[in-house]
Every structure is written in structure tokens, then in C-alpha cells.
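Raw run-v6.txt, compact mmCIF, N, CA and C atoms:
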```
# COMPACT_ATOMS: atom_id res chain seq x y z
N GLY T 1 26.20 -38.92 32.74
CA GLY T 1 26.67 -38.09 31.67
C GLY T 1 27.10 -38.94 30.49
N LEU T 2 27.23 -38.30 29.37
CA LEU T 2 27.72 -38.94 28.15
C LEU T 2 29.15 -38.49 27.91
N PHE T 3 30.00 -39.45 27.54
CA PHE T 3 31.41 -39.15 27.37
C PHE T 3 31.94 -39.69 26.05
N TYR T 4 32.90 -38.96 25.49
CA TYR T 4 33.64 -39.41 24.32
C TYR T 4 34.91 -40.09 24.83
N VAL T 5 35.17 -41.31 24.36
CA VAL T 5 36.35 -42.05 24.76
C VAL T 5 37.06 -42.51 23.48
N ASP T 6 38.34 -42.16 23.36
CA ASP T 6 39.13 -42.51 22.16
C ASP T 6 39.12 -44.00 21.85
N ALA T 7 39.10 -44.83 22.89
CA ALA T 7 39.17 -46.28 22.69
C ALA T 7 37.95 -46.83 21.95
N ASN T 8 36.84 -46.12 21.98
CA ASN T 8 35.62 -46.53 21.28
C ASN T 8 34.98 -45.28 20.70
N PRO T 9 35.60 -44.71 19.66
CA PRO T 9 35.20 -43.39 19.17
C PRO T 9 33.82 -43.31 18.52
N GLU T 10 33.26 -44.42 18.15
CA GLU T 10 31.95 -44.39 17.48
C GLU T 10 30.76 -44.47 18.44
N MET T 11 31.05 -44.85 19.71
CA MET T 11 29.97 -45.03 20.67
C MET T 11 30.06 -44.03 21.82
N GLN T 12 28.90 -43.57 22.28
CA GLN T 12 28.84 -42.73 23.47
C GLN T 12 29.01 -43.64 24.69
N LEU T 13 29.73 -43.15 25.70
CA LEU T 13 29.86 -43.87 26.96
C LEU T 13 28.92 -43.20 27.95
N LEU T 14 27.99 -43.95 28.49
CA LEU T 14 27.02 -43.43 29.45
C LEU T 14 27.45 -43.85 30.85
N ILE T 15 27.64 -42.86 31.73
CA ILE T 15 27.97 -43.15 33.13
C ILE T 15 26.87 -42.54 33.99
N GLN T 16 26.33 -43.36 34.89
CA GLN T 16 25.28 -42.90 35.78
C GLN T 16 25.68 -43.20 37.22
N VAL T 17 25.50 -42.22 38.08
CA VAL T 17 25.74 -42.39 39.51
C VAL T 17 24.44 -42.00 40.21
N VAL T 18 23.79 -42.98 40.81
CA VAL T 18 22.53 -42.75 41.51
C VAL T 18 22.64 -43.38 42.88
N GLY T 19 22.73 -42.55 43.90
CA GLY T 19 22.93 -43.08 45.26
C GLY T 19 24.19 -43.92 45.29
N PRO T 20 24.11 -45.14 45.80
CA PRO T 20 25.30 -45.98 45.88
C PRO T 20 25.60 -46.73 44.57
N ARG T 21 24.71 -46.62 43.58
CA ARG T 21 24.89 -47.36 42.33
C ARG T 21 25.66 -46.53 41.31
N ILE T 22 26.64 -47.16 40.66
CA ILE T 22 27.42 -46.53 39.61
C ILE T 22 27.46 -47.49 38.43
N SER T 23 27.08 -47.01 37.25
CA SER T 23 27.14 -47.88 36.07
C SER T 23 27.80 -47.14 34.91
N ALA T 24 28.48 -47.91 34.07
CA ALA T 24 29.11 -47.38 32.88
C ALA T 24 28.89 -48.38 31.75
N ALA T 25 28.43 -47.89 30.61
CA ALA T 25 28.16 -48.78 29.47
C ALA T 25 28.15 -47.97 28.19
N ALA T 26 28.45 -48.66 27.09
CA ALA T 26 28.32 -48.02 25.78
C ALA T 26 26.83 -47.72 25.58
N ALA T 27 26.53 -46.53 25.12
CA ALA T 27 25.13 -46.13 24.95
C ALA T 27 24.71 -46.36 23.50
N ARG T 28 24.87 -45.36 22.67
CA ARG T 28 24.47 -45.46 21.26
C ARG T 28 25.54 -44.80 20.40
N PRO T 29 25.49 -45.03 19.10
CA PRO T 29 26.48 -44.40 18.21
C PRO T 29 26.36 -42.88 18.24
N TRP T 30 27.50 -42.21 18.04
CA TRP T 30 27.49 -40.76 17.99
C TRP T 30 26.74 -40.25 16.76
N GLY T 31 26.82 -40.97 15.68
CA GLY T 31 26.16 -40.51 14.45
C GLY T 31 26.73 -39.17 14.03
N ASP T 32 25.86 -38.21 13.72
CA ASP T 32 26.29 -36.89 13.28
C ASP T 32 26.51 -35.91 14.44
N LYS T 33 26.25 -36.34 15.67
CA LYS T 33 26.41 -35.45 16.82
C LYS T 33 27.89 -35.15 17.05
N PRO T 34 28.19 -33.95 17.55
CA PRO T 34 29.58 -33.65 17.91
C PRO T 34 30.05 -34.60 19.00
N LYS T 35 31.27 -35.08 18.89
CA LYS T 35 31.82 -36.02 19.88
C LYS T 35 32.43 -35.22 21.03
N THR T 36 31.63 -35.04 22.06
CA THR T 36 32.03 -34.28 23.24
C THR T 36 31.61 -35.04 24.49
N SER T 37 32.02 -34.55 25.63
CA SER T 37 31.59 -35.12 26.90
C SER T 37 30.67 -34.12 27.58
N GLU T 38 29.63 -34.64 28.22
CA GLU T 38 28.66 -33.78 28.89
C GLU T 38 28.28 -34.40 30.23
N VAL T 39 28.35 -33.60 31.28
CA VAL T 39 28.03 -34.06 32.62
C VAL T 39 26.76 -33.36 33.09
N VAL T 40 25.85 -34.12 33.66
CA VAL T 40 24.65 -33.57 34.28
C VAL T 40 24.69 -33.97 35.75
N ALA T 41 24.73 -32.99 36.63
CA ALA T 41 24.77 -33.27 38.07
C ALA T 41 23.47 -32.78 38.69
N ILE T 42 22.79 -33.67 39.38
CA ILE T 42 21.53 -33.33 40.04
C ILE T 42 21.71 -33.59 41.53
N GLY T 43 21.38 -32.62 42.33
CA GLY T 43 21.52 -32.79 43.77
C GLY T 43 20.74 -31.74 44.52
N LEU T 44 20.71 -31.86 45.82
CA LEU T 44 20.04 -30.87 46.65
C LEU T 44 20.78 -29.54 46.57
N LYS T 45 20.04 -28.47 46.67
CA LYS T 45 20.62 -27.14 46.61
C LYS T 45 21.75 -27.01 47.62
N GLY T 46 22.90 -26.54 47.13
CA GLY T 46 24.05 -26.35 47.99
C GLY T 46 24.95 -27.57 48.14
N THR T 47 24.56 -28.72 47.54
CA THR T 47 25.38 -29.92 47.68
C THR T 47 26.21 -30.22 46.44
N VAL T 48 25.96 -29.52 45.34
CA VAL T 48 26.72 -29.74 44.10
C VAL T 48 27.57 -28.51 43.85
N ASP T 49 28.87 -28.69 43.95
CA ASP T 49 29.82 -27.61 43.72
C ASP T 49 30.35 -27.75 42.29
N GLU T 50 29.95 -26.84 41.40
CA GLU T 50 30.30 -26.96 39.99
C GLU T 50 31.81 -27.05 39.79
N ALA T 51 32.57 -26.23 40.48
CA ALA T 51 34.04 -26.25 40.33
C ALA T 51 34.61 -27.60 40.75
N GLU T 52 34.07 -28.17 41.82
CA GLU T 52 34.55 -29.47 42.29
C GLU T 52 34.21 -30.57 41.29
N VAL T 53 32.99 -30.53 40.75
CA VAL T 53 32.58 -31.54 39.77
C VAL T 53 33.44 -31.42 38.51
N ARG T 54 33.66 -30.20 38.06
CA ARG T 54 34.50 -29.98 36.87
C ARG T 54 35.91 -30.52 37.10
N ALA T 55 36.49 -30.21 38.27
CA ALA T 55 37.84 -30.69 38.59
C ALA T 55 37.87 -32.22 38.66
N LEU T 56 36.82 -32.82 39.22
CA LEU T 56 36.74 -34.27 39.32
C LEU T 56 36.81 -34.90 37.94
N PHE T 57 36.02 -34.40 37.00
CA PHE T 57 36.00 -34.99 35.67
C PHE T 57 37.27 -34.67 34.89
N GLU T 58 37.80 -33.47 35.04
CA GLU T 58 39.03 -33.13 34.33
C GLU T 58 40.20 -33.99 34.82
N SER T 59 40.16 -34.40 36.08
CA SER T 59 41.23 -35.25 36.61
C SER T 59 41.17 -36.66 36.04
N CYS T 60 40.07 -37.00 35.38
CA CYS T 60 39.90 -38.35 34.82
C CYS T 60 40.28 -38.43 33.34
N VAL T 61 40.70 -37.34 32.74
CA VAL T 61 41.01 -37.34 31.32
C VAL T 61 42.12 -38.34 31.03
N THR T 62 41.86 -39.24 30.10
CA THR T 62 42.80 -40.27 29.70
C THR T 62 42.39 -40.77 28.33
N THR T 63 43.24 -41.52 27.67
CA THR T 63 42.89 -42.08 26.37
C THR T 63 42.50 -43.55 26.49
N GLU T 64 42.53 -44.10 27.69
CA GLU T 64 42.18 -45.50 27.89
C GLU T 64 40.81 -45.60 28.55
N SER T 65 39.84 -46.22 27.86
CA SER T 65 38.47 -46.26 28.39
C SER T 65 38.39 -46.98 29.73
N LYS T 66 39.10 -48.09 29.91
CA LYS T 66 39.04 -48.82 31.18
C LYS T 66 39.57 -47.94 32.30
N SER T 67 40.66 -47.28 32.05
CA SER T 67 41.24 -46.39 33.05
C SER T 67 40.27 -45.25 33.37
N PHE T 68 39.63 -44.70 32.36
CA PHE T 68 38.66 -43.62 32.55
C PHE T 68 37.51 -44.09 33.43
N ILE T 69 36.94 -45.25 33.11
CA ILE T 69 35.81 -45.77 33.87
C ILE T 69 36.22 -46.02 35.32
N GLN T 70 37.40 -46.59 35.51
CA GLN T 70 37.88 -46.84 36.87
C GLN T 70 38.07 -45.54 37.63
N LYS T 71 38.70 -44.55 37.01
CA LYS T 71 38.93 -43.26 37.66
C LYS T 71 37.62 -42.57 37.99
N ILE T 72 36.69 -42.52 37.04
CA ILE T 72 35.44 -41.80 37.26
C ILE T 72 34.62 -42.49 38.35
N THR T 73 34.67 -43.82 38.40
CA THR T 73 33.94 -44.56 39.43
C THR T 73 34.50 -44.25 40.81
N GLU T 74 35.83 -44.28 40.94
CA GLU T 74 36.45 -43.99 42.22
C GLU T 74 36.13 -42.57 42.68
N ARG T 75 36.24 -41.62 41.79
CA ARG T 75 36.00 -40.23 42.16
C ARG T 75 34.53 -39.95 42.43
N ALA T 76 33.65 -40.61 41.71
CA ALA T 76 32.21 -40.45 41.95
C ALA T 76 31.84 -40.96 43.33
N GLN T 77 32.46 -42.06 43.76
CA GLN T 77 32.18 -42.59 45.09
C GLN T 77 32.63 -41.61 46.17
N VAL T 78 33.79 -41.00 45.98
CA VAL T 78 34.29 -40.01 46.94
C VAL T 78 33.33 -38.83 46.99
N TRP T 79 32.91 -38.35 45.83
CA TRP T 79 32.01 -37.20 45.75
C TRP T 79 30.67 -37.53 46.42
N ARG T 80 30.15 -38.74 46.18
CA ARG T 80 28.87 -39.14 46.77
C ARG T 80 28.99 -39.18 48.29
N ARG T 81 30.07 -39.78 48.81
CA ARG T 81 30.24 -39.84 50.27
C ARG T 81 30.34 -38.44 50.88
N ARG T 82 31.04 -37.55 50.19
CA ARG T 82 31.18 -36.18 50.68
C ARG T 82 29.82 -35.49 50.70
N SER T 83 29.02 -35.68 49.66
CA SER T 83 27.69 -35.08 49.61
C SER T 83 26.81 -35.62 50.72
N GLU T 84 26.88 -36.92 50.98
CA GLU T 84 26.10 -37.52 52.05
C GLU T 84 26.51 -36.97 53.40
N ALA T 85 27.80 -36.78 53.61
CA ALA T 85 28.29 -36.24 54.88
C ALA T 85 27.81 -34.80 55.07
N GLN T 86 27.77 -34.01 53.99
CA GLN T 86 27.29 -32.63 54.08
C GLN T 86 25.80 -32.61 54.43
N GLN T 87 25.03 -33.53 53.89
CA GLN T 87 23.60 -33.59 54.17
C GLN T 87 23.35 -33.95 55.65
N GLU T 88 24.19 -34.83 56.19
CA GLU T 88 24.03 -35.26 57.58
C GLU T 88 24.47 -34.16 58.56
N GLY T 89 25.47 -33.37 58.14
CA GLY T 89 26.05 -32.36 59.03
C GLY T 89 25.34 -31.09 58.95
```
If you took the structure in this file and wrote it as C-alpha cells, what would it be?
Amino acid sequence: GLFYVDANPEMQLLIQVVGPRISAAAARPWGDKPKTSEVVAIGLKGTVDEAEVRALFESCVTTESKSFIQKITERAQVWRRRSEAQQEG
């Protein structure tokens, strides 16, 4: 997803979680685009709970980019493990 972070207001923050890999990096300038955060969750049918994903990201709201990246990484790992456990069970 793309995120707006106060600590770097001119750049989009791109966070990707693919399997066990998690990456976060400045993407491109916002330019004239509205400065908002957008999450795209892709998963097997029945494994992505929209309310859970929304709560996960809302729990990461902060004004410090390092803290945000750390929080989102930790929570994404928990979410990924939970999804994997559901697939196995």
C-alpha cells in the first residue's frame, strides 16, 4: 500500500508484504495527488478480513515514520502468520 507519513510529507511511502518478505521504502513524490493512505490486500477467498486489516492499519497511526514502519511490519507479520494458520487448518 501507499501511505502518507508526516515525517516525509512530499514522498509516498510504499509498503509491500509478500509471503515472508516485508519491505518499506520511499516511492515517488505525491505531486498533485491527494496525500492519503491506501491499502490493497490480496489473498485467498475467506482469508482477508477487511475489518481486521482496517483495525491493523488504524492501530499503526503515528506521526513518526520509523515508528510507523516498525509497527506496520510487526502487525503484518502477525497477520501473515494468522492467514497461513487458517490456510493449514
Among chain T, which ones does DSSP assign to alpha helix (DSSP H) (computed from the backbone)? Answer as a ChimeraX atom specification. /T:50-58,65-88
To one decimal place, how far is atom CA of T:Ala55 from atom C of T:Ser23 in Å?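 Taking atom CA of T:Ala55 and atom C of T:Ser23, their separation equals 19.6 Å.
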DSSP on the backbone, strand (DSSP E) only: what residues of chain T does that give? Format it as an NGL selection string. :T and (2-3 or 11-18 or 21-29)
With N, CA and C atoms retained, could you export that selection as a short mmCIF file (atom, residue, chain, number, x, y, z; two decimals), keeping the file's coordinate frame?
```cif
data_model
loop_
_atom_site.label_atom_id
_atom_site.label_comp_id
_atom_site.auth_asym_id
_atom_site.auth_seq_id
_atom_site.Cartn_x
_atom_site.Cartn_y
_atom_site.Cartn_z
N LEU T 2 27.23 -38.30 29.37
CA LEU T 2 27.72 -38.94 28.15
C LEU T 2 29.15 -38.49 27.91
N PHE T 3 30.00 -39.45 27.54
CA PHE T 3 31.41 -39.15 27.37
C PHE T 3 31.94 -39.69 26.05
N MET T 11 31.05 -44.85 19.71
CA MET T 11 29.97 -45.03 20.67
C MET T 11 30.06 -44.03 21.82
N GLN T 12 28.90 -43.57 22.28
CA GLN T 12 28.84 -42.73 23.47
C GLN T 12 29.01 -43.64 24.69
N LEU T 13 29.73 -43.15 25.70
CA LEU T 13 29.86 -43.87 26.96
C LEU T 13 28.92 -43.20 27.95
N LEU T 14 27.99 -43.95 28.49
CA LEU T 14 27.02 -43.43 29.45
C LEU T 14 27.45 -43.85 30.85
N ILE T 15 27.64 -42.86 31.73
CA ILE T 15 27.97 -43.15 33.13
C ILE T 15 26.87 -42.54 33.99
N GLN T 16 26.33 -43.36 34.89
CA GLN T 16 25.28 -42.90 35.78
C GLN T 16 25.68 -43.20 37.22
N VAL T 17 25.50 -42.22 38.08
CA VAL T 17 25.74 -42.39 39.51
C VAL T 17 24.44 -42.00 40.21
N VAL T 18 23.79 -42.98 40.81
CA VAL T 18 22.53 -42.75 41.51
C VAL T 18 22.64 -43.38 42.88
N ARG T 21 24.71 -46.62 43.58
CA ARG T 21 24.89 -47.36 42.33
C ARG T 21 25.66 -46.53 41.31
N ILE T 22 26.64 -47.16 40.66
CA ILE T 22 27.42 -46.53 39.61
C ILE T 22 27.46 -47.49 38.43
N SER T 23 27.08 -47.01 37.25
CA SER T 23 27.14 -47.88 36.07
C SER T 23 27.80 -47.14 34.91
N ALA T 24 28.48 -47.91 34.07
CA ALA T 24 29.11 -47.38 32.88
C ALA T 24 28.89 -48.38 31.75
N ALA T 25 28.43 -47.89 30.61
CA ALA T 25 28.16 -48.78 29.47
C ALA T 25 28.15 -47.97 28.19
N ALA T 26 28.45 -48.66 27.09
CA ALA T 26 28.32 -48.02 25.78
C ALA T 26 26.83 -47.72 25.58
N ALA T 27 26.53 -46.53 25.12
CA ALA T 27 25.13 -46.13 24.95
C ALA T 27 24.71 -46.36 23.50
N ARG T 28 24.87 -45.36 22.67
CA ARG T 28 24.47 -45.46 21.26
C ARG T 28 25.54 -44.80 20.40
N PRO T 29 25.49 -45.03 19.10
CA PRO T 29 26.48 -44.40 18.21
C PRO T 29 26.36 -42.88 18.24
#
```
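Reported to one decimal place, the separation of atom N of T:Val53 from atom CA of T:Val18 is 16.1 Å.
Atom C of T:Thr36 is found 26.3 Å from atom C of T:Arg82.
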Using only C-alpha atoms, find the one residue out of T:Ala24, T:Arg80, T:Asp6, T:Leu13 that sits nearest to T:Ile42.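 When distances to T:Ile42 are compared using only C-alpha atoms, the smallest one comes from T:Arg80.
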Let me make sure I understand: among T:Ile72, T:Ala7, T:Leu2, T:Leu44, which one has the smallest atom-to-atom distance to T:Phe57 if we use all atoms listed in the file?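 Closest candidate: T:Ile72.
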Restricting the calculation to all atoms listed in the file: of T:Arg81, T:Val61, T:Lys71, T:Gly1, which residue gets closest to T:Ala41?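 Among T:Arg81, T:Val61, T:Lys71, T:Gly1, it is T:Gly1 that comes nearest to T:Ala41.
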Give, as AutoDock Vina command-line options, the centre coordinates and the x, y and z edge lengths in Å to one decimal for an axis-aligned box around all listed atoms of stretch 8-24 of chain T, padded by 5 Å on each side.
```
--center_x 29.7 --center_y -45.2 --center_z 31.7 --size_x 24.3 --size_y 16.4 --size_z 38.4
```
My list of candidates is T:Glu84, T:Glu58, T:Gln12, T:Arg75. Which is closest to T:Pro34 when distances are computed with only C-alpha atoms? T:Gln12
Pick from T:Trp79, T:Met11, T:Thr73, T:Val17: nearest to T:Val40, with only C-alpha atoms counted? T:Val17
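Checking T:Glu52, T:Glu38, T:Asp32, T:Glu74 one by one against T:Tyr4, counting only C-alpha atoms, you find the shortest gap at T:Glu38.
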